[in-house]
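One structure is given here, and the rest of the page talks about it.
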Amino acid sequence: MTEENGAPGGHGQEPSRRDFIYIAAGGAAAVGGGLVAWPFIDQMNPAADTLALGSIRVDVSVVQVGSEITVMWRGGPVFIRHRTDAEIAEAREVALNALPDEDARNDNLPAGTPGTDANRVLRPEFLIVKGNCTHLGCVPLGLGANTGDYDGWYCPCHGSHYDTSARIRRGPAPENLPVPDYYFETETTVKIGLSPEEASNSGWAVS
Amino acid sequence: MSGPSTYKPGSGVEKWLDDRLPIIRLGYDSFVDFPTPRNLNYWWTFGGILAVFLMIQILSGIVLAMHYVAHEDYAFDSVQRITRDVPFGWLIQSMHANGASFFFVAVYLHMFRGLYYGSYKAPREILWILGVVIYLLMMATGFMGYVLPWGQMSYWGAMVITNLIGALPFVGDAIREWLWGGFSVGQATLNRFFSLHYLLPFVIAAVVGLHIWALHVPGNGNPVGLDVRKGDAGKKDTLPFHPYYTVKDGFAIIVYLMIFAVFVFFLPTVLGHADNYIEANPLSTPAHIVPEWYYLPFYAILRAITFDIGPIDAKLGGVLAMFGAIGILFVLPWLDTSKVRSMRYRPLTRWFFIFFVVAALGLGWCGAVNPDDYVMGITGFKFLYLGQFLTFYYFAYFIVVLPVLGIIEKPKERPASIEAAVLGTDKA
């Protein structure tokens with residue numbers, strides 16, 4: 001074997017040309033296998049049309065003070081609550097270190113932004129959050145059903161309590177209800193799930 | 001034990017075929033003349049029952065797929081249409097839905113049989129591991145099948161389980177979106193679950209083939225846990241599979257099918273959940289989400305972890321415990337240190353096993369109720385605490401009881417041979 005390959009020193013002592021061919025062929029086969037496998041894995045990710053159906057317009061003038069609506073966005077619920085002054089005040093007087101999750105969880109602001117109420121709303125009277133509990137995805141109950149111990153939402157599945165800024169306060173949910181990308185197109189129309197270009201002048205700023 | 005073949009081709013055609021593809025020989029050696037311990041009891045009939053139910057599920061499933069529509073707007077109605085309008089659809093849909101439950105009943109009894117009689121011990125470790133693989137595939141198939149009718153429990157069960165994946169650090173969210181094919185459980189999810197639900201039973205059938213292959217190398221275990229003796233003495237320990245066990249298995253299969261028929265014809269929906277007769281609504285969660293009954297013990301284990309364990313938060317901890325409860329079965333052959341297979345001769349471990357069965361059933365109970373409810377109305381005694389205790393025992397059985405008792409326990413005297421155990425001809 002070693003003589004054929006012209007490698008001196010005998011078998012097993014120095015890598016031969018054949019060893020190189022084995023490794024090169026095996027490496028090429030592994031890379032090729034990976035290249036073939038990837039399309040079959042990636043096809044399960046959200047398709048282009050699914051991604052394109054990203055945004056909706058909602059007329060919030062129908063939401064009276066002290067009430068809320070649930071709209072469907074990207075196959076799931078979004079809560080829009082027209083908060084009372086008392087609810088806003090309640091959300092604003094909570095100290096940051098009283099929150100299990102201190103991140104604003106706001107898609108419009110950088111990760112790590114402190115979770116003050118001001119960082120969770122564009123206009124204080126309208127709180128707009130995705131409506132799936134961050135524990136296991138159930139839809140928490142809100143006004144008219146059960147607002148929990150913190151006057152926000154209560155998830156019946158495993159007992160998570162959210163406050164009037166939809167921040168987790170007690171229970172198994174690890175994170176605040178996330179704020180989706182949105183901005184006000186007009187005084188009464190909100191666009192949820194905006195494109196990046198639109199985001200640049202949406203009015204959000206860390207406060 | 002699978003000694004030399006005794007097949008003799010009976011005709012010229014069989015001889016011709018045998019020289020080219022010895023498939024009749026394979027069947028003869030595997031299911032006719034296969035030497036089988038003479039002392040197998042009815043707990044050994046569930047393998048055959050499971051084979052029958054795999055066939056029932058595949059056949060009824062293929063028929064249902066001819067009428068089912070995997071679309072979020074039509075799936076629910078298409079299942080209702082099958083049960084009302086399609087000729088005999090009511091029968092075939094009922095067979096499939098109840099067949100899943102009976103499949104799981106049989107597999108649980110089959111597994112408890114294996115645990116009691118030490119079927120996982122050398123030289124049957126691979127046989128056992130293949131069985132655990134089949135069980136995992138069954139769970140995946142059953143879960144995705146339950147999503148297809150697109151009722152409220154279908155949808156929210158899928159939501160909760162896929163959200164569990166989101167608990168994985170760093171990659172959880174990406175994997176969840178990849179599973180969904182969107183931003184939530186929806187059309188893409190339903191469609192792919194249908195595809196995989198159709199695929200996996202055939203994968204199960206293939207692994208069952210390996211399972212039987214692995215069974216036929218060492219041969220069946222048996223209730224006394226002794227090996228079949230070598231040489232001619234072994235003939236006294238065994239009987240040919242046919243007719244002795246074809247008849248015994250056949251009888252058990254018929255009895256089991258009779259019970260199955262009672263459900264199919266008279267109680268077709270009793271194992272289902274009322275909420276699943278409401279079409280899936282992504283905006284409204286049922287008050288109380290429960291999985292199918294056969295997942296309840298694992299659901300209880302999932303919910304039992306309500307506390308952080310070091311850097312692992314409660315949610316991830318629950319997921320790890322749930323998967324760990326099945327994962328630990330893979331290493332069971334190396335956790336049990338006892339040389340004695342059958343619990344009949346392990347006076348102490350036997351009681352721990354019996355309590356293990358009770359614990360598994362108890363976990364099922366905990367999984368079915370609200371964890372904050374009180375057990376039998378005893379104030380303060382939440383189902384959560386019961387679930388936590390039983391979860392602890394579940395793991396302790398594998399990690400502490402089996403390794404330790406195998407060393408310290410003194411087993412009872414065993415018979416000299418299988419023949420002696422059955423006929424009493426050769427006292428130990």
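Numbering starts fresh at 1 for the residues of each chain in the structure tokens, the chains themselves are lettered A, B, ... in the order given, and ligands are numbered from 1 as they appear.
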
Discussion item. Could you work out which residues of chain A fall inside 7 Å of chain B? Count only C-alpha atoms, and format the result as number ranges by chain.
Written reply: A: 44-46, 50, 74-77, 136-139, 156-157

Could you write those residues out with N, CA, C and O atoms, as a CSV table (one decimal), in the first residue's frame?
chain,number,residue,atom,x,y,z
A,44,MET,N,-39.5,24.2,5.5
A,44,MET,CA,-40.6,24.3,6.6
A,44,MET,C,-40.7,25.7,7.2
A,44,MET,O,-41.6,26.0,7.9
A,45,ASN,N,-39.7,26.6,6.9
A,45,ASN,CA,-39.8,27.9,7.5
A,45,ASN,C,-40.9,28.7,6.8
A,45,ASN,O,-41.4,28.3,5.7
A,46,PRO,N,-41.4,29.8,7.5
A,46,PRO,CA,-42.5,30.6,6.9
A,46,PRO,C,-42.2,31.0,5.4
A,46,PRO,O,-41.1,31.5,5.1
A,50,THR,N,-46.5,34.0,3.4
A,50,THR,CA,-46.8,34.1,4.8
A,50,THR,C,-46.1,35.3,5.4
A,50,THR,O,-46.7,36.1,6.2
A,74,ARG,N,-51.2,37.9,12.0
A,74,ARG,CA,-50.3,36.8,11.8
A,74,ARG,C,-50.8,35.5,12.4
A,74,ARG,O,-50.1,34.8,13.1
A,75,GLY,N,-52.1,35.3,12.3
A,75,GLY,CA,-52.7,34.0,12.8
A,75,GLY,C,-52.9,34.0,14.3
A,75,GLY,O,-53.3,32.9,14.8
A,76,GLY,N,-52.6,35.1,15.0
A,76,GLY,CA,-52.8,35.1,16.4
A,76,GLY,C,-53.5,36.4,16.9
A,76,GLY,O,-53.6,37.3,16.1
A,77,PRO,N,-53.8,36.4,18.2
A,77,PRO,CA,-54.5,37.6,18.7
A,77,PRO,C,-53.6,38.8,19.0
A,77,PRO,O,-52.4,38.6,19.4
A,136,LEU,N,-47.1,29.3,27.5
A,136,LEU,CA,-47.4,28.2,26.6
A,136,LEU,C,-48.3,28.6,25.4
A,136,LEU,O,-48.8,27.8,24.7
A,137,GLY,N,-48.6,29.9,25.3
A,137,GLY,CA,-49.3,30.4,24.1
A,137,GLY,C,-50.8,30.5,24.2
A,137,GLY,O,-51.4,30.8,23.3
A,138,CYS,N,-51.4,30.3,25.4
A,138,CYS,CA,-52.8,30.5,25.6
A,138,CYS,C,-53.1,31.9,25.4
A,138,CYS,O,-52.3,32.8,25.6
A,139,VAL,N,-54.4,32.2,25.2
A,139,VAL,CA,-54.9,33.6,25.1
A,139,VAL,C,-55.4,34.0,26.5
A,139,VAL,O,-56.4,33.5,27.0
A,156,PRO,N,-55.8,31.7,32.0
A,156,PRO,CA,-56.4,30.6,32.8
A,156,PRO,C,-55.7,29.3,32.7
A,156,PRO,O,-55.9,28.4,33.5
A,157,CYS,N,-54.8,29.2,31.8
A,157,CYS,CA,-54.1,27.8,31.6
A,157,CYS,C,-53.3,27.5,32.8
A,157,CYS,O,-53.4,26.5,33.4

Fill in: For Tyr182 (chain A): contacts at 12 Å, only C-alpha atoms, fewer than 3 positions along chain excluded, given as a ChimeraX atom specification
/A:54-58,73,78,80,106-109,120-123,126-130,178-179,185,189-196,198-204

Kindly save the residues from that selection, with N, CA and C atoms included, as a JSON list (two decimals), in the first residue's frame.
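What follows is the written file part.json:
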[["chain", "number", "residue", "atom", "x", "y", "z"],
["A", 54, "GLY", "N", -47.78, 40.43, 6.43],
["A", 54, "GLY", "CA", -47.30, 40.82, 7.74],
["A", 54, "GLY", "C", -48.06, 41.91, 8.45],
["A", 55, "SER", "N", -48.82, 42.74, 7.74],
["A", 55, "SER", "CA", -49.35, 43.91, 8.45],
["A", 55, "SER", "C", -50.85, 44.10, 8.26],
["A", 56, "ILE", "N", -51.48, 44.71, 9.25],
["A", 56, "ILE", "CA", -52.92, 45.02, 9.20],
["A", 56, "ILE", "C", -53.13, 46.46, 9.66],
["A", 57, "ARG", "N", -54.30, 46.99, 9.26],
["A", 57, "ARG", "CA", -54.71, 48.32, 9.71],
["A", 57, "ARG", "C", -55.90, 48.16, 10.64],
["A", 58, "VAL", "N", -55.89, 48.87, 11.74],
["A", 58, "VAL", "CA", -57.01, 48.78, 12.67],
["A", 58, "VAL", "C", -57.51, 50.17, 13.01],
["A", 73, "TRP", "N", -53.82, 38.98, 13.98],
["A", 73, "TRP", "CA", -52.65, 39.40, 13.20],
["A", 73, "TRP", "C", -51.67, 38.25, 13.15],
["A", 78, "VAL", "N", -54.08, 39.98, 18.84],
["A", 78, "VAL", "CA", -53.41, 41.19, 19.33],
["A", 78, "VAL", "C", -54.44, 41.94, 20.18],
["A", 80, "ILE", "N", -55.80, 45.26, 21.92],
["A", 80, "ILE", "CA", -55.72, 46.72, 21.89],
["A", 80, "ILE", "C", -56.63, 47.24, 23.00],
["A", 106, "ASN", "N", -40.32, 45.12, 23.34],
["A", 106, "ASN", "CA", -40.98, 45.95, 22.35],
["A", 106, "ASN", "C", -40.23, 45.83, 21.03],
["A", 107, "ASP", "N", -40.91, 45.29, 20.02],
["A", 107, "ASP", "CA", -40.24, 45.06, 18.74],
["A", 107, "ASP", "C", -39.79, 46.35, 18.07],
["A", 108, "ASN", "N", -40.34, 47.48, 18.51],
["A", 108, "ASN", "CA", -39.97, 48.76, 17.91],
["A", 108, "ASN", "C", -38.71, 49.35, 18.53],
["A", 109, "LEU", "N", -38.30, 48.80, 19.67],
["A", 109, "LEU", "CA", -37.16, 49.34, 20.40],
["A", 109, "LEU", "C", -36.11, 48.26, 20.56],
["A", 120, "ARG", "N", -43.45, 50.88, 26.46],
["A", 120, "ARG", "CA", -44.32, 49.82, 25.94],
["A", 120, "ARG", "C", -45.47, 50.39, 25.13],
["A", 121, "VAL", "N", -45.63, 51.70, 25.12],
["A", 121, "VAL", "CA", -46.74, 52.30, 24.37],
["A", 121, "VAL", "C", -46.23, 53.48, 23.55],
["A", 122, "LEU", "N", -46.89, 53.70, 22.41],
["A", 122, "LEU", "CA", -46.56, 54.87, 21.61],
["A", 122, "LEU", "C", -47.39, 56.05, 22.10],
["A", 123, "ARG", "N", -48.69, 55.78, 22.31],
["A", 123, "ARG", "CA", -49.55, 56.77, 22.95],
["A", 123, "ARG", "C", -50.08, 56.13, 24.22],
["A", 126, "PHE", "N", -53.34, 53.99, 24.42],
["A", 126, "PHE", "CA", -53.52, 52.73, 23.71],
["A", 126, "PHE", "C", -52.38, 51.76, 23.98],
["A", 127, "LEU", "N", -52.74, 50.66, 24.63],
["A", 127, "LEU", "CA", -51.77, 49.60, 24.84],
["A", 127, "LEU", "C", -52.02, 48.53, 23.78],
["A", 128, "ILE", "N", -50.99, 48.21, 23.02],
["A", 128, "ILE", "CA", -51.13, 47.23, 21.93],
["A", 128, "ILE", "C", -50.08, 46.15, 22.13],
["A", 129, "VAL", "N", -50.54, 44.91, 22.39],
["A", 129, "VAL", "CA", -49.61, 43.81, 22.65],
["A", 129, "VAL", "C", -50.12, 42.54, 21.97],
["A", 130, "LYS", "N", -49.18, 41.65, 21.69],
["A", 130, "LYS", "CA", -49.57, 40.32, 21.17],
["A", 130, "LYS", "C", -50.25, 39.54, 22.29],
["A", 178, "PRO", "N", -45.37, 40.63, 24.34],
["A", 178, "PRO", "CA", -44.55, 41.47, 23.47],
["A", 178, "PRO", "C", -45.37, 42.52, 22.72],
["A", 179, "VAL", "N", -44.74, 43.66, 22.50],
["A", 179, "VAL", "CA", -45.37, 44.74, 21.73],
["A", 179, "VAL", "C", -44.95, 44.55, 20.27],
["A", 185, "GLU", "N", -51.02, 55.59, 11.73],
["A", 185, "GLU", "CA", -51.06, 56.18, 10.40],
["A", 185, "GLU", "C", -51.80, 57.51, 10.45],
["A", 189, "THR", "N", -56.10, 55.47, 13.20],
["A", 189, "THR", "CA", -55.77, 54.22, 12.52],
["A", 189, "THR", "C", -54.37, 53.79, 12.89],
["A", 190, "VAL", "N", -54.29, 52.54, 13.34],
["A", 190, "VAL", "CA", -52.97, 52.02, 13.70],
["A", 190, "VAL", "C", -52.60, 50.95, 12.70],
["A", 191, "LYS", "N", -51.34, 50.95, 12.30],
["A", 191, "LYS", "CA", -50.83, 49.94, 11.40],
["A", 191, "LYS", "C", -49.95, 49.01, 12.23],
["A", 192, "ILE", "N", -50.32, 47.72, 12.22],
["A", 192, "ILE", "CA", -49.58, 46.74, 13.02],
["A", 192, "ILE", "C", -48.78, 45.85, 12.08],
["A", 193, "GLY", "N", -47.49, 45.67, 12.39],
["A", 193, "GLY", "CA", -46.63, 44.84, 11.55],
["A", 193, "GLY", "C", -46.10, 45.60, 10.36],
["A", 194, "LEU", "N", -45.53, 46.74, 10.63],
["A", 194, "LEU", "CA", -45.09, 47.62, 9.55],
["A", 194, "LEU", "C", -43.79, 47.13, 8.94],
["A", 195, "SER", "N", -43.49, 47.65, 7.75],
["A", 195, "SER", "CA", -42.26, 47.29, 7.08],
["A", 195, "SER", "C", -41.10, 48.10, 7.68],
["A", 196, "PRO", "N", -39.87, 47.66, 7.46],
["A", 196, "PRO", "CA", -38.74, 48.37, 8.05],
["A", 196, "PRO", "C", -38.65, 49.84, 7.63],
["A", 198, "GLU", "N", -41.09, 51.85, 6.90],
["A", 198, "GLU", "CA", -42.09, 52.59, 7.67],
["A", 198, "GLU", "C", -41.66, 52.76, 9.12],
["A", 199, "ALA", "N", -40.90, 51.77, 9.58],
["A", 199, "ALA", "CA", -40.50, 51.80, 10.98],
["A", 199, "ALA", "C", -39.60, 52.99, 11.29],
["A", 200, "SER", "N", -38.85, 53.44, 10.28],
["A", 200, "SER", "CA", -37.85, 54.46, 10.54],
["A", 200, "SER", "C", -38.47, 55.77, 11.04],
["A", 201, "ASN", "N", -39.71, 56.07, 10.62],
["A", 201, "ASN", "CA", -40.32, 57.29, 11.13],
["A", 201, "ASN", "C", -41.64, 57.00, 11.85],
["A", 202, "SER", "N", -41.63, 55.93, 12.62],
["A", 202, "SER", "CA", -42.87, 55.52, 13.28],
["A", 202, "SER", "C", -43.13, 56.27, 14.56],
["A", 203, "GLY", "N", -42.15, 57.02, 15.04],
["A", 203, "GLY", "CA", -42.38, 57.81, 16.24],
["A", 203, "GLY", "C", -41.90, 57.18, 17.52],
["A", 204, "TRP", "N", -41.35, 55.96, 17.43],
["A", 204, "TRP", "CA", -40.88, 55.32, 18.65],
["A", 204, "TRP", "C", -39.53, 55.86, 19.07]]

Fill in: Residue neighbourhood Pro100 (chain A), 12 Å, only C-alpha atoms, exclusion window fewer than 2 positions, as a ChimeraX atom specification
/A:94-98,102-104,115,160-163,167-176

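Counting only C-alpha atoms and comparing A:Asp59, A:Ala166, A:Ile88, A:Gln43, the residue that lies closest to Val71 (chain A) is A:Asp59.
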
Discussion item. Which of region 263-401 of chain B end up as strand (DSSP E or B) when DSSP is run on this backbone - answer as a PyMOL selection string?
Written reply: chain B and resi 279+309+312+374+382

Item to complete: Excluding Arg113 (chain B) and any residue of its chain fewer than 2 positions from it, enumerate the residues within 10 Å of it, using only C-alpha atoms, and give them as a PyMOL selection string.
Response: chain B and resi 42-44+46+107-111+115-119+223

Dump of N, CA and C atoms for the selected residues, as a PDB file, in the first residue's frame:
ATOM      1  N   TYR B  42     -50.695 -14.385  29.439  1.00  0.00           N
ATOM      2  CA  TYR B  42     -51.427 -13.479  28.538  1.00  0.00           C
ATOM      3  C   TYR B  42     -50.787 -12.105  28.422  1.00  0.00           C
ATOM      4  N   TRP B  43     -49.902 -11.766  29.350  1.00  0.00           N
ATOM      5  CA  TRP B  43     -49.206 -10.474  29.199  1.00  0.00           C
ATOM      6  C   TRP B  43     -48.339 -10.471  27.941  1.00  0.00           C
ATOM      7  N   TRP B  44     -48.032 -11.661  27.433  1.00  0.00           N
ATOM      8  CA  TRP B  44     -47.188 -11.745  26.229  1.00  0.00           C
ATOM      9  C   TRP B  44     -48.005 -11.624  24.933  1.00  0.00           C
ATOM     10  N   PHE B  46     -49.714  -8.975  24.007  1.00  0.00           N
ATOM     11  CA  PHE B  46     -49.932  -7.597  23.549  1.00  0.00           C
ATOM     12  C   PHE B  46     -49.066  -7.229  22.352  1.00  0.00           C
ATOM     13  N   VAL B 107     -49.933  -0.686  24.216  1.00  0.00           N
ATOM     14  CA  VAL B 107     -48.497  -0.438  24.310  1.00  0.00           C
ATOM     15  C   VAL B 107     -48.087  -0.215  25.771  1.00  0.00           C
ATOM     16  N   TYR B 108     -48.969   0.407  26.556  1.00  0.00           N
ATOM     17  CA  TYR B 108     -48.631   0.594  27.968  1.00  0.00           C
ATOM     18  C   TYR B 108     -48.582  -0.750  28.696  1.00  0.00           C
ATOM     19  N   LEU B 109     -49.545  -1.621  28.402  1.00  0.00           N
ATOM     20  CA  LEU B 109     -49.517  -2.940  29.042  1.00  0.00           C
ATOM     21  C   LEU B 109     -48.273  -3.726  28.603  1.00  0.00           C
ATOM     22  N   HIS B 110     -47.945  -3.604  27.331  1.00  0.00           N
ATOM     23  CA  HIS B 110     -46.755  -4.256  26.779  1.00  0.00           C
ATOM     24  C   HIS B 110     -45.492  -3.749  27.487  1.00  0.00           C
ATOM     25  N   MET B 111     -45.450  -2.443  27.748  1.00  0.00           N
ATOM     26  CA  MET B 111     -44.273  -1.859  28.396  1.00  0.00           C
ATOM     27  C   MET B 111     -44.199  -2.246  29.869  1.00  0.00           C
ATOM     28  N   LEU B 115     -41.318  -4.151  31.916  1.00  0.00           N
ATOM     29  CA  LEU B 115     -40.706  -3.663  33.154  1.00  0.00           C
ATOM     30  C   LEU B 115     -40.793  -4.719  34.257  1.00  0.00           C
ATOM     31  N   TYR B 116     -41.930  -5.402  34.329  1.00  0.00           N
ATOM     32  CA  TYR B 116     -42.124  -6.375  35.410  1.00  0.00           C
ATOM     33  C   TYR B 116     -41.253  -7.606  35.224  1.00  0.00           C
ATOM     34  N   TYR B 117     -41.194  -8.088  34.000  1.00  0.00           N
ATOM     35  CA  TYR B 117     -40.472  -9.336  33.763  1.00  0.00           C
ATOM     36  C   TYR B 117     -39.029  -9.110  33.308  1.00  0.00           C
ATOM     37  N   GLY B 118     -38.567  -7.876  33.402  1.00  0.00           N
ATOM     38  CA  GLY B 118     -37.161  -7.604  33.058  1.00  0.00           C
ATOM     39  C   GLY B 118     -36.836  -7.865  31.598  1.00  0.00           C
ATOM     40  N   SER B 119     -37.775  -7.582  30.727  1.00  0.00           N
ATOM     41  CA  SER B 119     -37.564  -7.865  29.300  1.00  0.00           C
ATOM     42  C   SER B 119     -36.481  -6.993  28.681  1.00  0.00           C
ATOM     43  N   PRO B 223     -42.107 -15.536  31.842  1.00  0.00           N
ATOM     44  CA  PRO B 223     -42.455 -15.058  33.198  1.00  0.00           C
ATOM     45  C   PRO B 223     -41.468 -15.447  34.291  1.00  0.00           C
TER      46      PRO B 223
END

Worksheet item: Any idea what's packed within 8 Å of Phe193 (chain B), counting only C-alpha atoms, ignoring anything in its chain fewer than 4 positions away? Could you give it as a list of chain:residue names?
Response: B:Met144, B:Gly145, B:Val147, B:Leu148, B:Thr189, B:His197

Quick one: write out the picked residues with C-alpha atoms as a CSV table (one decimal), in the first residue's frame?
chain,number,residue,atom,x,y,z
B,144,MET,CA,-50.1,15.2,15.1
B,145,GLY,CA,-53.1,13.0,14.4
B,147,VAL,CA,-54.4,18.1,15.5
B,148,LEU,CA,-56.0,17.1,12.2
B,189,THR,CA,-48.7,23.6,10.5
B,197,HIS,CA,-49.0,11.8,10.3

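Among the candidates B:Phe353, B:Trp213, B:Phe88, B:Phe103, the residue lying nearest to Leu26 (chain B) is B:Trp213 (atoms considered: only C-alpha atoms).
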
For Pro411 (chain B), please output as a compact mmCIF listing (two decimals) with all heavy atoms, in the first residue's frame all residues within 9 Å (counting only C-alpha atoms; exclusion window: fewer than 5 positions along the same chain).
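Output file part-v8.txt is given in full below:
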# COMPACT_ATOMS: atom_id res chain seq x y z
N VAL B 340 -31.39 -10.92 38.17
CA VAL B 340 -32.67 -11.62 38.09
C VAL B 340 -33.62 -10.81 37.23
O VAL B 340 -33.85 -9.63 37.49
CB VAL B 340 -33.27 -11.82 39.50
CG1 VAL B 340 -34.60 -12.54 39.42
CG2 VAL B 340 -32.29 -12.59 40.36
N TYR B 345 -39.28 -13.06 41.45
CA TYR B 345 -38.24 -13.53 42.37
C TYR B 345 -37.51 -12.37 43.03
O TYR B 345 -36.41 -12.53 43.53
CB TYR B 345 -37.28 -14.46 41.62
CG TYR B 345 -38.05 -15.57 40.94
CD1 TYR B 345 -38.28 -15.54 39.57
CD2 TYR B 345 -38.60 -16.59 41.70
CE1 TYR B 345 -39.04 -16.52 38.97
CE2 TYR B 345 -39.36 -17.58 41.10
CZ TYR B 345 -39.58 -17.54 39.73
OH TYR B 345 -40.35 -18.51 39.15
N ARG B 346 -38.13 -11.18 42.93
CA ARG B 346 -37.52 -10.00 43.57
C ARG B 346 -38.54 -9.42 44.55
O ARG B 346 -39.26 -8.49 44.23
CB ARG B 346 -37.14 -8.98 42.51
CG ARG B 346 -36.18 -9.54 41.45
CD ARG B 346 -35.77 -8.48 40.47
NE ARG B 346 -34.99 -7.44 41.12
CZ ARG B 346 -34.59 -6.33 40.49
NH1 ARG B 346 -34.93 -6.11 39.23
NH2 ARG B 346 -33.88 -5.43 41.13
N PRO B 347 -38.59 -10.01 45.77
CA PRO B 347 -39.69 -9.70 46.70
C PRO B 347 -39.80 -8.22 47.05
O PRO B 347 -40.91 -7.70 47.24
CB PRO B 347 -39.35 -10.53 47.94
CG PRO B 347 -37.90 -10.88 47.81
CD PRO B 347 -37.62 -10.95 46.34
N LEU B 348 -38.69 -7.51 47.13
CA LEU B 348 -38.72 -6.11 47.53
C LEU B 348 -39.02 -5.21 46.32
O LEU B 348 -39.92 -4.37 46.34
CB LEU B 348 -37.35 -5.75 48.14
CG LEU B 348 -37.31 -4.59 49.11
CD1 LEU B 348 -38.37 -4.75 50.18
CD2 LEU B 348 -35.92 -4.52 49.74

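Computed from the coordinates, the CA of Ile328 (chain B) to CA of His158 (chain A) distance equals 26.9 Å.
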